[in-house]
Amino acid sequence: MSDKKKLDPINGEEPGNFIRDFIDEDLAAGRHPGVVTRFPPEPNGYLHIGHSKSICLNFGTAGDYKGVCNLRFDDTNPVKEDTEYVDSIQDDVRWLGFQWHGHTRYASDYFEKLYECAEALIRKGLAYVDDLSAEEVREYRGTLTEPGRESPWRNRSVEENLDLFRRMRAGEFPDGSKSLRAKIDMASPNINMRDPALYRIRRAHHHRTGDAWLIYPMYDYTHCISDAIEGISHSLCTLEFEDHRPLYDWVLEALDWPAPRPRQIEFARLNLEYTVMSKRKLLQLVKENHVDGWDDPRLPTIAALRRRGFTPESIRLFCDRIGVAKRDSWIEYYWLEKAVRDDLNPITPRAMAVLRPLKVVVENWPEGRVQEMAGPYFPDEPGRKLPGLAATERTLLFARELYIEQDDFLLDPPKKFYRLGPGREVLLRWGHYLHCHDVVRDAAGQVTELRCTYSEEPRGHGAGPGGQPAVIHWVPAKSSVAARVRLYDRLFTVPRPKGDLNKELNPGSLTECPEARLEPALAGLEPGRRVQFERLGYFIADAKLHSAGTPTFNRIVTLKDKRQ
RNA sequence: UGGGGCGUAGUCAAGCGGUUAAGACACAGGUUUUUGGAUCCUGCAUUCGAAGGUUCGAAUCCUUCCGCCCCAGCCA
């Protein structure tokens with residue numbers, strides 16, 4: 001199933017990546033006794049397919065080196081965060097098949113330690129309380145091409161800074177009136193080093209620490225210390241943090257943090273064609289009810305992919321295949337679908353369903369006669385059972401009235417259309433040969449019914465080479481069961497591969513097939529079961545809507561299809 | 001036009017001075033098949049963003065140029 005065997009990177013067998021190069025180098029130099037990574041989401045939204053790359057990378061890398069990976073919530077901005085998100089994120093990581101080391105960590109666990117470190121920095125003269133407003137700080141920061149100016153408050157005494165910082169914590173100052181800044185270099189060409197903020201005053205209720213704190217540490221300050229506290233050896237993050245690495249290192253250096261110190265390594269985030277992956281926009285879609293919650297199967301969230309029927313294995317396979325590097329790359333959407341198909345193909349039973357029924361009357365089949373036609377759920381492995389059902393075979397009652405797929409018939413079929421047309425012949429899978437000799441149309445000219453005859457042997461009227469008949473799926477009219485089938489387009493999309501997500505947000509399409517008919521056994525399928533409807537794709541009995549009364553299936557992914 | 005990154009096939013991605021420039025996806029042809037799927041086989045970069053240079057030898061080292069991404073939150 002996997003492209004290649006995962007080989008032991010310690011023995012240098014697997015085609016490497018640059019991250020492993022760094023790790024190998026650190027291990028060889030004895031800088032770290034082993035590998036400890038972490039997945040550090042901010043609990044401000046649901047995880048999406050983009051996060052799965054980071055998850056697979058962090059957990060996967062740790063696993064490859066027989067190390068461990070922590071789960072740490074980067075919860076330093078209480079106004080955006082919520083326990084709903086911490087719960088969903090934990091569920092999603094587990095569902096993906098990963099187990100983090102020990103208990104769940106939170107940056108907020110370290111607030112007290114972080115505060116102590118801040119005082120230490122102040123004592124060393126490396127941090128100061130600034131009275132400038134946010135707007136003033138922006139003005140003082142300079143621009144990309146001009147250096148910044150030093151704040152008039154930059155040279156306060158250690159005593160004054162300590163006193164002020166303590167009073168910030170004690171709540172003596174209003175929000176935004178003061179901040180704690182690192183004293184680095186206002187002329188640095190790296191803007192992140194121009195006295196970055198370390199703490200801000202924010203009277204906000206924190207989902208874990210409640211109202212205990214009025215000041216909250218910033219990401220750059222928190223992340224490196226959190227990594228160091230947890231003994232992280234390699235802190236893998238996305239490319240936009242490259243410019244922050246000097247600051248990451250500066251903080252630990254300023255604190256004289258003892259070795260081994262964590263090393264930050266950056267990789268390119270996942271870009272998937274057509275797919276909306278900004279948390280802000282996903283939040284907007286949910287809040288404005290463009291979709292049916294975070295697990296709407298059109299969304300690229302892990303929760304949605306789960307409901308949509310993707311397997312954890314398929315997502316891991318996808319992440320495995322896309323690799324990891326530092327170039328900005330756009331993954332073709334097809335890769336995701338392919339990974340799902342590759343995973344599902346060997347493990348998913350085949351079954352018969354007709355999404356848009358077209359009635360067929362078999363005129364040479366006697367009224368009232370039925371014949372049991374049997375076919376295995378796993379054609380390559382005929383004895384294999386359909387999970388959730390006792391049988392190893394489907395049984396269809398061939399009768400005078402049948403349904404075939406509307407798409408499998410064309411009044412005036414072109415040469416390359418191998419299926420049914422007037423005067424043409426096809427084979428009904430696990431059934432008989434069918435020859436169409438007449439069509440019935442309604443007043444509008446729409447084909448409503450096919451008049452056909454059957455035969456047990458081919459008559460050489462197929463559209464394939466040499467009169468070979470194509471094989472199509474079908475279902476008996478009477479004994480099949482009505483179902484609701486929902487065909488989702490790609491994930492929530494923009495119309496063009498790299499379209500402007502801001503302007504072209506597209507609600508994603510959902511096509512209902514209210515007339516769908518299934519082979520009878522499928523009515524008894526449990527929610528969450530997957531099945532391949534011949535030629536139509538992989539489907540899942542919807543976790544929320546499926547019931548024996550009204551079976552509801554979502555299409556997970558289509559089959560590869562060259563027909564046109 | 002400050003700083004930090006990145007350019008190897010349609011898309012990903014190995015490669016780290018000597019290789020016929022891995023592998024995957026896509027694509028094409030063939031095999032097989034009770035669905036045009038799946039399977040198996042074969043093919044698919046004389047060239048590594050461009051131009052110069054160093055070298056017996058360059059995708060790999062040097063120089064210049066070109067293109068793309070990121071940074072001016074008291075967000076992460």
# chains A, B, ... in the order shown; residues from 1 in each chain; ligands from 1

$ select_by_dssp --residues "region 56-95 of chain A" --states "alpha helix (DSSP H)" --output "count of residues only"
22

$ interface_residues --of "chain B" --to "chain A" --cutoff "10 Å" --atoms "only C-alpha atoms (C1' of nucleotides)" --output "count of residues only"
31

$ residues_around --residues "region 61-66 of chain A" --least-positions-apart "3" --cutoff "12 Å" --atoms "only C-alpha atoms (C1' of nucleotides)" --output "ChimeraX atom specification"
/A:6-14,16-24,27,33-39,53-58,69-70,98-101,232-236,320,324

$ select_by_dssp --residues "region 27-266 of chain A" --states "strand (DSSP E)" --output "PyMOL selection string"
chain A and resi 36-39+68-73+105-106+127-130+179-182+197-201+215-217+234-238+263-266

$ write_last_selection --atoms "N, CA, C and O atoms" --output "compact mmCIF listing (two decimals), in the first residue's frame"
# COMPACT_ATOMS: atom_id res chain seq x y z
N VAL A 36 13.11 14.48 20.30
CA VAL A 36 11.83 14.84 20.89
C VAL A 36 11.24 15.98 20.07
O VAL A 36 11.87 17.02 19.91
N THR A 37 10.07 15.74 19.51
CA THR A 37 9.42 16.78 18.73
C THR A 37 8.12 17.16 19.42
O THR A 37 7.79 16.62 20.49
N ARG A 38 7.41 18.08 18.79
CA ARG A 38 6.14 18.47 19.39
C ARG A 38 5.22 18.97 18.29
O ARG A 38 5.66 19.52 17.28
N PHE A 39 3.91 18.74 18.49
CA PHE A 39 2.94 19.36 17.59
C PHE A 39 2.26 20.44 18.42
O PHE A 39 1.65 20.14 19.43
N VAL A 68 10.05 10.65 20.83
CA VAL A 68 8.66 10.90 21.18
C VAL A 68 8.23 12.28 20.68
O VAL A 68 9.06 13.12 20.32
N CYS A 69 6.92 12.46 20.66
CA CYS A 69 6.37 13.72 20.20
C CYS A 69 5.32 14.19 21.20
O CYS A 69 4.45 13.41 21.61
N ASN A 70 5.44 15.41 21.62
CA ASN A 70 4.47 15.97 22.56
C ASN A 70 3.34 16.66 21.81
O ASN A 70 3.51 17.09 20.67
N LEU A 71 2.22 16.76 22.48
CA LEU A 71 1.15 17.63 21.98
C LEU A 71 1.08 18.80 22.94
O LEU A 71 0.89 18.63 24.14
N ARG A 72 1.31 19.98 22.39
CA ARG A 72 1.28 21.17 23.26
C ARG A 72 0.40 22.24 22.63
O ARG A 72 0.59 22.60 21.48
N PHE A 73 -0.54 22.70 23.41
CA PHE A 73 -1.38 23.79 22.92
C PHE A 73 -0.69 25.12 23.18
O PHE A 73 -0.27 25.41 24.30
N ARG A 105 0.17 18.89 26.88
CA ARG A 105 0.84 20.07 27.44
C ARG A 105 0.16 21.34 26.96
O ARG A 105 -0.48 21.35 25.91
N TYR A 106 0.35 22.36 27.75
CA TYR A 106 -0.20 23.67 27.40
C TYR A 106 0.86 24.71 27.69
O TYR A 106 1.52 24.65 28.74
N ALA A 127 15.39 43.31 28.93
CA ALA A 127 13.98 43.56 28.64
C ALA A 127 13.54 44.80 29.39
O ALA A 127 14.11 45.11 30.44
N TYR A 128 12.57 45.49 28.83
CA TYR A 128 12.12 46.72 29.48
C TYR A 128 10.64 46.93 29.27
O TYR A 128 10.04 46.42 28.32
N VAL A 129 10.06 47.67 30.19
CA VAL A 129 8.65 48.01 30.07
C VAL A 129 8.53 49.27 29.22
O VAL A 129 9.22 50.26 29.47
N ASP A 130 7.69 49.18 28.24
CA ASP A 130 7.53 50.28 27.30
C ASP A 130 6.15 50.89 27.46
O ASP A 130 5.17 50.17 27.58
N SER A 179 3.82 47.51 27.62
CA SER A 179 4.19 46.17 27.19
C SER A 179 5.61 45.90 27.66
O SER A 179 6.36 46.83 27.98
N LEU A 180 5.94 44.62 27.72
CA LEU A 180 7.33 44.28 28.02
C LEU A 180 7.99 43.94 26.70
O LEU A 180 7.46 43.16 25.91
N ARG A 181 9.14 44.56 26.46
CA ARG A 181 9.84 44.31 25.21
C ARG A 181 11.26 43.81 25.44
O ARG A 181 11.89 44.16 26.44
N ALA A 182 11.73 43.02 24.52
CA ALA A 182 13.13 42.59 24.58
C ALA A 182 13.99 43.75 24.10
O ALA A 182 13.61 44.47 23.18
N ALA A 197 7.90 42.55 21.22
CA ALA A 197 7.08 42.48 22.44
C ALA A 197 7.20 41.09 23.06
O ALA A 197 7.25 40.08 22.34
N LEU A 198 7.27 41.07 24.36
CA LEU A 198 7.34 39.81 25.09
C LEU A 198 6.03 39.54 25.84
O LEU A 198 5.57 38.41 25.93
N TYR A 199 5.49 40.60 26.38
CA TYR A 199 4.24 40.50 27.14
C TYR A 199 3.31 41.65 26.79
O TYR A 199 3.77 42.77 26.60
N ARG A 200 2.02 41.35 26.76
CA ARG A 200 1.04 42.43 26.62
C ARG A 200 0.02 42.30 27.73
O ARG A 200 -0.17 41.22 28.30
N ILE A 201 -0.61 43.43 28.03
CA ILE A 201 -1.66 43.42 29.05
C ILE A 201 -2.99 43.12 28.35
O ILE A 201 -3.34 43.79 27.38
N ILE A 215 -1.64 39.59 32.14
CA ILE A 215 -0.64 39.77 31.10
C ILE A 215 -0.40 38.41 30.46
O ILE A 215 -0.45 37.38 31.14
N TYR A 216 -0.19 38.42 29.15
CA TYR A 216 0.03 37.17 28.44
C TYR A 216 1.29 37.26 27.59
O TYR A 216 1.54 38.29 26.94
N PRO A 217 2.07 36.19 27.59
CA PRO A 217 3.33 36.19 26.84
C PRO A 217 3.06 36.02 25.35
O PRO A 217 2.07 35.41 24.95
N HIS A 234 14.08 19.02 18.48
CA HIS A 234 13.92 19.64 17.17
C HIS A 234 12.51 20.20 17.05
O HIS A 234 11.53 19.48 17.18
N SER A 235 12.45 21.48 16.83
CA SER A 235 11.18 22.19 16.81
C SER A 235 10.84 22.51 15.36
O SER A 235 11.37 23.44 14.77
N LEU A 236 9.98 21.66 14.79
CA LEU A 236 9.68 21.80 13.37
C LEU A 236 8.52 22.75 13.16
O LEU A 236 7.46 22.58 13.76
N CYS A 237 8.72 23.75 12.34
CA CYS A 237 7.65 24.71 12.10
C CYS A 237 7.68 25.13 10.64
O CYS A 237 8.55 24.72 9.88
N THR A 238 6.73 25.95 10.26
CA THR A 238 6.65 26.32 8.85
C THR A 238 7.54 27.52 8.53
O THR A 238 8.00 28.25 9.40
N ARG A 263 16.34 23.00 18.65
CA ARG A 263 16.73 23.60 17.39
C ARG A 263 15.49 23.75 16.52
O ARG A 263 14.77 22.79 16.27
N GLN A 264 15.27 24.96 16.05
CA GLN A 264 14.12 25.19 15.17
C GLN A 264 14.49 24.89 13.73
O GLN A 264 15.50 25.35 13.22
N ILE A 265 13.64 24.11 13.07
CA ILE A 265 13.85 23.78 11.66
C ILE A 265 12.54 24.07 10.92
O ILE A 265 11.47 23.66 11.36
N GLU A 266 12.66 24.76 9.81
CA GLU A 266 11.45 25.17 9.10
C GLU A 266 11.24 24.36 7.81
O GLU A 266 12.19 24.03 7.11

$ residues_around --residues "C61 (chain B)" --least-positions-apart "6" --cutoff "10 Å" --atoms "only C-alpha atoms (C1' of nucleotides)" --output "MDAnalysis selection string"
chainID B and resid 17 54:55

$ write_last_selection --atoms "N, CA and C atoms (P, O5', C5', C4', C3', O3' and C1' of nucleotides)" --output "PDB file, in the first residue's frame"
ATOM      1  P     G B  17      29.972  16.577  -2.365  1.00  0.00           P
ATOM      2  O5'   G B  17      30.349  16.388  -3.909  1.00  0.00           O
ATOM      3  C5'   G B  17      30.171  17.404  -4.879  1.00  0.00           C
ATOM      4  C4'   G B  17      30.632  16.878  -6.210  1.00  0.00           C
ATOM      5  C3'   G B  17      31.547  15.690  -6.121  1.00  0.00           C
ATOM      6  O3'   G B  17      31.311  14.832  -7.230  1.00  0.00           O
ATOM      7  C1'   G B  17      32.550  17.379  -7.386  1.00  0.00           C
ATOM      8  P     U B  54      37.842  29.585 -16.316  1.00  0.00           P
ATOM      9  O5'   U B  54      37.869  28.897 -14.883  1.00  0.00           O
ATOM     10  C5'   U B  54      38.532  29.528 -13.793  1.00  0.00           C
ATOM     11  C4'   U B  54      38.434  28.656 -12.568  1.00  0.00           C
ATOM     12  C3'   U B  54      38.848  27.213 -12.780  1.00  0.00           C
ATOM     13  O3'   U B  54      40.259  27.056 -12.725  1.00  0.00           O
ATOM     14  C1'   U B  54      36.811  27.274 -11.595  1.00  0.00           C
ATOM     15  P     U B  55      40.979  26.198 -13.830  1.00  0.00           P
ATOM     16  O5'   U B  55      40.483  24.721 -13.507  1.00  0.00           O
ATOM     17  C5'   U B  55      40.782  24.107 -12.257  1.00  0.00           C
ATOM     18  C4'   U B  55      40.039  22.818 -12.137  1.00  0.00           C
ATOM     19  C3'   U B  55      40.156  21.886 -13.335  1.00  0.00           C
ATOM     20  O3'   U B  55      41.371  21.155 -13.299  1.00  0.00           O
ATOM     21  C1'   U B  55      37.893  22.030 -12.676  1.00  0.00           C
TER      22        U B  55
END

$ residues_around --residues "C48 (chain B)" --least-positions-apart "3" --cutoff "10 Å" --atoms "only C-alpha atoms (C1' of nucleotides)" --output "number ranges by chain"
B: 7-8, 21, 45, 59-60

$ write_last_selection --atoms "N, CA, C and O atoms (P, O5', C5', C4', C3', O3' and C1' of nucleotides)" --output "short mmCIF file (atom, residue, chain, number, x, y, z; two decimals), in the first residue's frame"
data_model
loop_
_atom_site.label_atom_id
_atom_site.label_comp_id
_atom_site.auth_asym_id
_atom_site.auth_seq_id
_atom_site.Cartn_x
_atom_site.Cartn_y
_atom_site.Cartn_z
P G B 7 15.51 25.05 -3.80
"O5'" G B 7 14.42 25.27 -4.92
"C5'" G B 7 14.65 24.84 -6.21
"C4'" G B 7 13.69 25.53 -7.13
"C3'" G B 7 14.12 25.33 -8.58
"O3'" G B 7 13.03 25.00 -9.41
"C1'" G B 7 14.10 27.66 -8.00
P U B 8 12.38 23.60 -9.36
"O5'" U B 8 13.58 22.69 -9.84
"C5'" U B 8 14.19 22.92 -11.09
"C4'" U B 8 14.80 21.66 -11.62
"C3'" U B 8 13.82 20.50 -11.82
"O3'" U B 8 13.13 20.62 -13.06
"C1'" U B 8 15.71 19.71 -10.68
P A B 21 22.97 10.76 -16.38
"O5'" A B 21 21.95 10.16 -15.33
"C5'" A B 21 22.29 10.19 -13.97
"C4'" A B 21 21.22 10.87 -13.17
"C3'" A B 21 19.78 10.48 -13.47
"O3'" A B 21 19.51 9.20 -12.94
"C1'" A B 21 19.95 12.80 -12.99
P A B 45 13.20 11.13 -20.48
"O5'" A B 45 13.31 12.54 -19.75
"C5'" A B 45 12.82 13.73 -20.39
"C4'" A B 45 13.67 14.90 -19.94
"C3'" A B 45 15.15 14.66 -20.19
"O3'" A B 45 15.55 15.08 -21.49
"C1'" A B 45 14.74 15.45 -17.94
P A B 59 26.11 19.14 -14.45
"O5'" A B 59 24.79 19.53 -13.65
"C5'" A B 59 24.15 20.77 -13.85
"C4'" A B 59 23.41 21.18 -12.63
"C3'" A B 59 24.30 21.51 -11.44
"O3'" A B 59 24.68 22.86 -11.48
"C1'" A B 59 22.60 20.00 -10.79
P U B 60 25.86 23.38 -10.58
"O5'" U B 60 25.33 23.11 -9.12
"C5'" U B 60 26.16 23.36 -8.02
"C4'" U B 60 25.99 22.30 -6.97
"C3'" U B 60 27.24 22.11 -6.14
"O3'" U B 60 26.97 22.27 -4.77
"C1'" U B 60 26.45 20.03 -7.02
#

$ atom_distance --atom1 "CA of Ala204 (chain A)" --atom2 "CA of Cys117 (chain A)"
22.2 Å

$ closest_residue --among "A:His461, A:Asp407, A:Ala483, A:Cys224" --to "Ala548 (chain A)" --atoms "only C-alpha atoms"
A:Ala483

$ atom_distance --atom1 "CA of Ala543 (chain A)" --atom2 "CA of Trp294 (chain A)"
14.3 Å

$ residues_around --residues "Thr448 (chain A)" --least-positions-apart "5" --cutoff "10 Å" --atoms "only C-alpha atoms (C1' of nucleotides)" --output "PyMOL selection string"
chain A and resi 357-360+406+439-442

$ write_last_selection --atoms "all heavy atoms" --output "PDB file, in the first residue's frame"
ATOM      1  N   PRO A 357     -31.745   6.495 -11.732  1.00  0.00           N
ATOM      2  CA  PRO A 357     -32.282   5.304 -12.380  1.00  0.00           C
ATOM      3  C   PRO A 357     -32.940   5.589 -13.725  1.00  0.00           C
ATOM      4  O   PRO A 357     -33.601   6.618 -13.904  1.00  0.00           O
ATOM      5  CB  PRO A 357     -33.340   4.801 -11.389  1.00  0.00           C
ATOM      6  CG  PRO A 357     -33.178   5.612 -10.153  1.00  0.00           C
ATOM      7  CD  PRO A 357     -32.464   6.869 -10.509  1.00  0.00           C
ATOM      8  N   LEU A 358     -32.696   4.675 -14.630  1.00  0.00           N
ATOM      9  CA  LEU A 358     -33.403   4.681 -15.903  1.00  0.00           C
ATOM     10  C   LEU A 358     -34.032   3.301 -16.007  1.00  0.00           C
ATOM     11  O   LEU A 358     -33.349   2.278 -15.932  1.00  0.00           O
ATOM     12  CB  LEU A 358     -32.426   4.918 -17.059  1.00  0.00           C
ATOM     13  CG  LEU A 358     -33.007   4.802 -18.468  1.00  0.00           C
ATOM     14  CD1 LEU A 358     -34.148   5.798 -18.687  1.00  0.00           C
ATOM     15  CD2 LEU A 358     -31.912   5.009 -19.510  1.00  0.00           C
ATOM     16  N   LYS A 359     -35.363   3.289 -16.185  1.00  0.00           N
ATOM     17  CA  LYS A 359     -36.080   2.012 -16.159  1.00  0.00           C
ATOM     18  C   LYS A 359     -35.813   1.217 -17.431  1.00  0.00           C
ATOM     19  O   LYS A 359     -35.793   1.758 -18.531  1.00  0.00           O
ATOM     20  CB  LYS A 359     -37.566   2.281 -16.025  1.00  0.00           C
ATOM     21  CG  LYS A 359     -38.359   1.043 -15.690  1.00  0.00           C
ATOM     22  CD  LYS A 359     -39.827   1.418 -15.627  1.00  0.00           C
ATOM     23  CE  LYS A 359     -40.628   0.416 -14.831  1.00  0.00           C
ATOM     24  NZ  LYS A 359     -42.032   0.889 -14.772  1.00  0.00           N
ATOM     25  N   VAL A 360     -35.635  -0.071 -17.218  1.00  0.00           N
ATOM     26  CA  VAL A 360     -35.443  -0.984 -18.337  1.00  0.00           C
ATOM     27  C   VAL A 360     -36.511  -2.069 -18.235  1.00  0.00           C
ATOM     28  O   VAL A 360     -36.696  -2.647 -17.154  1.00  0.00           O
ATOM     29  CB  VAL A 360     -34.042  -1.639 -18.273  1.00  0.00           C
ATOM     30  CG1 VAL A 360     -33.968  -2.810 -19.241  1.00  0.00           C
ATOM     31  CG2 VAL A 360     -32.965  -0.617 -18.574  1.00  0.00           C
ATOM     32  N   GLN A 406     -28.689   6.322 -15.685  1.00  0.00           N
ATOM     33  CA  GLN A 406     -29.006   7.185 -16.835  1.00  0.00           C
ATOM     34  C   GLN A 406     -27.765   7.469 -17.683  1.00  0.00           C
ATOM     35  O   GLN A 406     -27.835   7.506 -18.904  1.00  0.00           O
ATOM     36  CB  GLN A 406     -29.605   8.510 -16.365  1.00  0.00           C
ATOM     37  CG  GLN A 406     -31.064   8.409 -15.992  1.00  0.00           C
ATOM     38  CD  GLN A 406     -31.601   9.716 -15.437  1.00  0.00           C
ATOM     39  OE1 GLN A 406     -31.054  10.790 -15.700  1.00  0.00           O
ATOM     40  NE2 GLN A 406     -32.667   9.627 -14.665  1.00  0.00           N
ATOM     41  N   VAL A 439     -36.842   2.776 -27.360  1.00  0.00           N
ATOM     42  CA  VAL A 439     -36.881   3.682 -26.220  1.00  0.00           C
ATOM     43  C   VAL A 439     -38.261   4.314 -26.127  1.00  0.00           C
ATOM     44  O   VAL A 439     -38.937   4.503 -27.147  1.00  0.00           O
ATOM     45  CB  VAL A 439     -35.826   4.813 -26.331  1.00  0.00           C
ATOM     46  CG1 VAL A 439     -34.427   4.238 -26.434  1.00  0.00           C
ATOM     47  CG2 VAL A 439     -36.111   5.707 -27.499  1.00  0.00           C
ATOM     48  N   VAL A 440     -38.642   4.614 -24.902  1.00  0.00           N
ATOM     49  CA  VAL A 440     -39.913   5.297 -24.679  1.00  0.00           C
ATOM     50  C   VAL A 440     -39.578   6.696 -24.214  1.00  0.00           C
ATOM     51  O   VAL A 440     -38.743   6.881 -23.330  1.00  0.00           O
ATOM     52  CB  VAL A 440     -40.733   4.574 -23.587  1.00  0.00           C
ATOM     53  CG1 VAL A 440     -42.037   5.318 -23.313  1.00  0.00           C
ATOM     54  CG2 VAL A 440     -40.996   3.138 -24.002  1.00  0.00           C
ATOM     55  N   ARG A 441     -40.239   7.688 -24.824  1.00  0.00           N
ATOM     56  CA  ARG A 441     -39.948   9.061 -24.441  1.00  0.00           C
ATOM     57  C   ARG A 441     -41.212   9.746 -23.957  1.00  0.00           C
ATOM     58  O   ARG A 441     -42.322   9.377 -24.344  1.00  0.00           O
ATOM     59  CB  ARG A 441     -39.420   9.834 -25.647  1.00  0.00           C
ATOM     60  CG  ARG A 441     -38.217   9.160 -26.277  1.00  0.00           C
ATOM     61  CD  ARG A 441     -37.411  10.158 -27.011  1.00  0.00           C
ATOM     62  NE  ARG A 441     -37.095   9.716 -28.359  1.00  0.00           N
ATOM     63  CZ  ARG A 441     -36.372  10.449 -29.189  1.00  0.00           C
ATOM     64  NH1 ARG A 441     -35.949  11.655 -28.832  1.00  0.00           N
ATOM     65  NH2 ARG A 441     -36.087  10.000 -30.396  1.00  0.00           N
ATOM     66  N   ASP A 442     -40.995  10.756 -23.123  1.00  0.00           N
ATOM     67  CA  ASP A 442     -42.166  11.521 -22.666  1.00  0.00           C
ATOM     68  C   ASP A 442     -42.435  12.659 -23.639  1.00  0.00           C
ATOM     69  O   ASP A 442     -41.767  12.782 -24.677  1.00  0.00           O
ATOM     70  CB  ASP A 442     -41.941  12.038 -21.237  1.00  0.00           C
ATOM     71  CG  ASP A 442     -40.763  12.998 -21.159  1.00  0.00           C
ATOM     72  OD1 ASP A 442     -40.291  13.471 -22.219  1.00  0.00           O
ATOM     73  OD2 ASP A 442     -40.300  13.277 -20.039  1.00  0.00           O
TER      74      ASP A 442
END

$ atom_distance --atom1 "CA of Leu114 (chain A)" --atom2 "CA of Ser226 (chain A)"
8.5 Å

$ residues_around --residues "region 521-529 of chain A" --least-positions-apart "4" --cutoff "9 Å" --atoms "only C-alpha atoms (C1' of nucleotides)" --output "list in words"
Arg307, Gly309, Ala351, Met352, Pro387, Gly388, Leu389, Ala391, Arg394, Thr395, Ser480, Val481, Ala482, Ala483, Phe539, Ile540, Ala541, Asp542, Ala543, Lys544, Leu545, His546, Ser547, Ala548, Gly549, Thr550, Pro551, Thr552 and Phe553 of chain A

$ write_last_selection --atoms "C-alpha atoms" --output "PDB file, in the first residue's frame"
ATOM      1  CA  ARG A 307     -17.144  12.211   8.249  1.00  0.00           C
ATOM      2  CA  GLY A 309     -15.176   8.817   4.800  1.00  0.00           C
ATOM      3  CA  ALA A 351     -21.832  -3.271  -4.279  1.00  0.00           C
ATOM      4  CA  MET A 352     -24.481  -2.268  -6.753  1.00  0.00           C
ATOM      5  CA  PRO A 387     -17.966  -6.132   7.024  1.00  0.00           C
ATOM      6  CA  GLY A 388     -21.114  -5.599   8.973  1.00  0.00           C
ATOM      7  CA  LEU A 389     -23.074  -8.125   6.976  1.00  0.00           C
ATOM      8  CA  ALA A 391     -22.901 -12.621   3.438  1.00  0.00           C
ATOM      9  CA  ARG A 394     -24.685 -10.027  -2.977  1.00  0.00           C
ATOM     10  CA  THR A 395     -27.856 -11.506  -4.417  1.00  0.00           C
ATOM     11  CA  SER A 480     -33.920  -2.656  -4.644  1.00  0.00           C
ATOM     12  CA  VAL A 481     -34.164  -0.105  -1.871  1.00  0.00           C
ATOM     13  CA  ALA A 482     -34.580   3.616  -2.162  1.00  0.00           C
ATOM     14  CA  ALA A 483     -31.760   5.684  -0.760  1.00  0.00           C
ATOM     15  CA  PHE A 539     -19.205   5.839  -0.504  1.00  0.00           C
ATOM     16  CA  ILE A 540     -19.791   5.884   3.204  1.00  0.00           C
ATOM     17  CA  ALA A 541     -22.977   5.439   5.157  1.00  0.00           C
ATOM     18  CA  ASP A 542     -23.267   8.879   6.682  1.00  0.00           C
ATOM     19  CA  ALA A 543     -22.560   8.953  10.381  1.00  0.00           C
ATOM     20  CA  LYS A 544     -25.333  11.404  11.099  1.00  0.00           C
ATOM     21  CA  LEU A 545     -28.008  10.763   8.508  1.00  0.00           C
ATOM     22  CA  HIS A 546     -27.824   7.087   7.703  1.00  0.00           C
ATOM     23  CA  SER A 547     -30.562   4.775   8.907  1.00  0.00           C
ATOM     24  CA  ALA A 548     -32.101   1.532   7.717  1.00  0.00           C
ATOM     25  CA  GLY A 549     -35.268   3.464   6.904  1.00  0.00           C
ATOM     26  CA  THR A 550     -33.606   5.989   4.647  1.00  0.00           C
ATOM     27  CA  PRO A 551     -30.093   4.874   3.874  1.00  0.00           C
ATOM     28  CA  THR A 552     -27.908   7.889   3.255  1.00  0.00           C
ATOM     29  CA  PHE A 553     -24.554   7.634   1.603  1.00  0.00           C
TER      30      PHE A 553
END

$ closest_residue --among "A:Phe165, A:Phe533, A:Phe173, A:Phe398" --to "Val475 (chain A)" --atoms "only C-alpha atoms"
A:Phe398
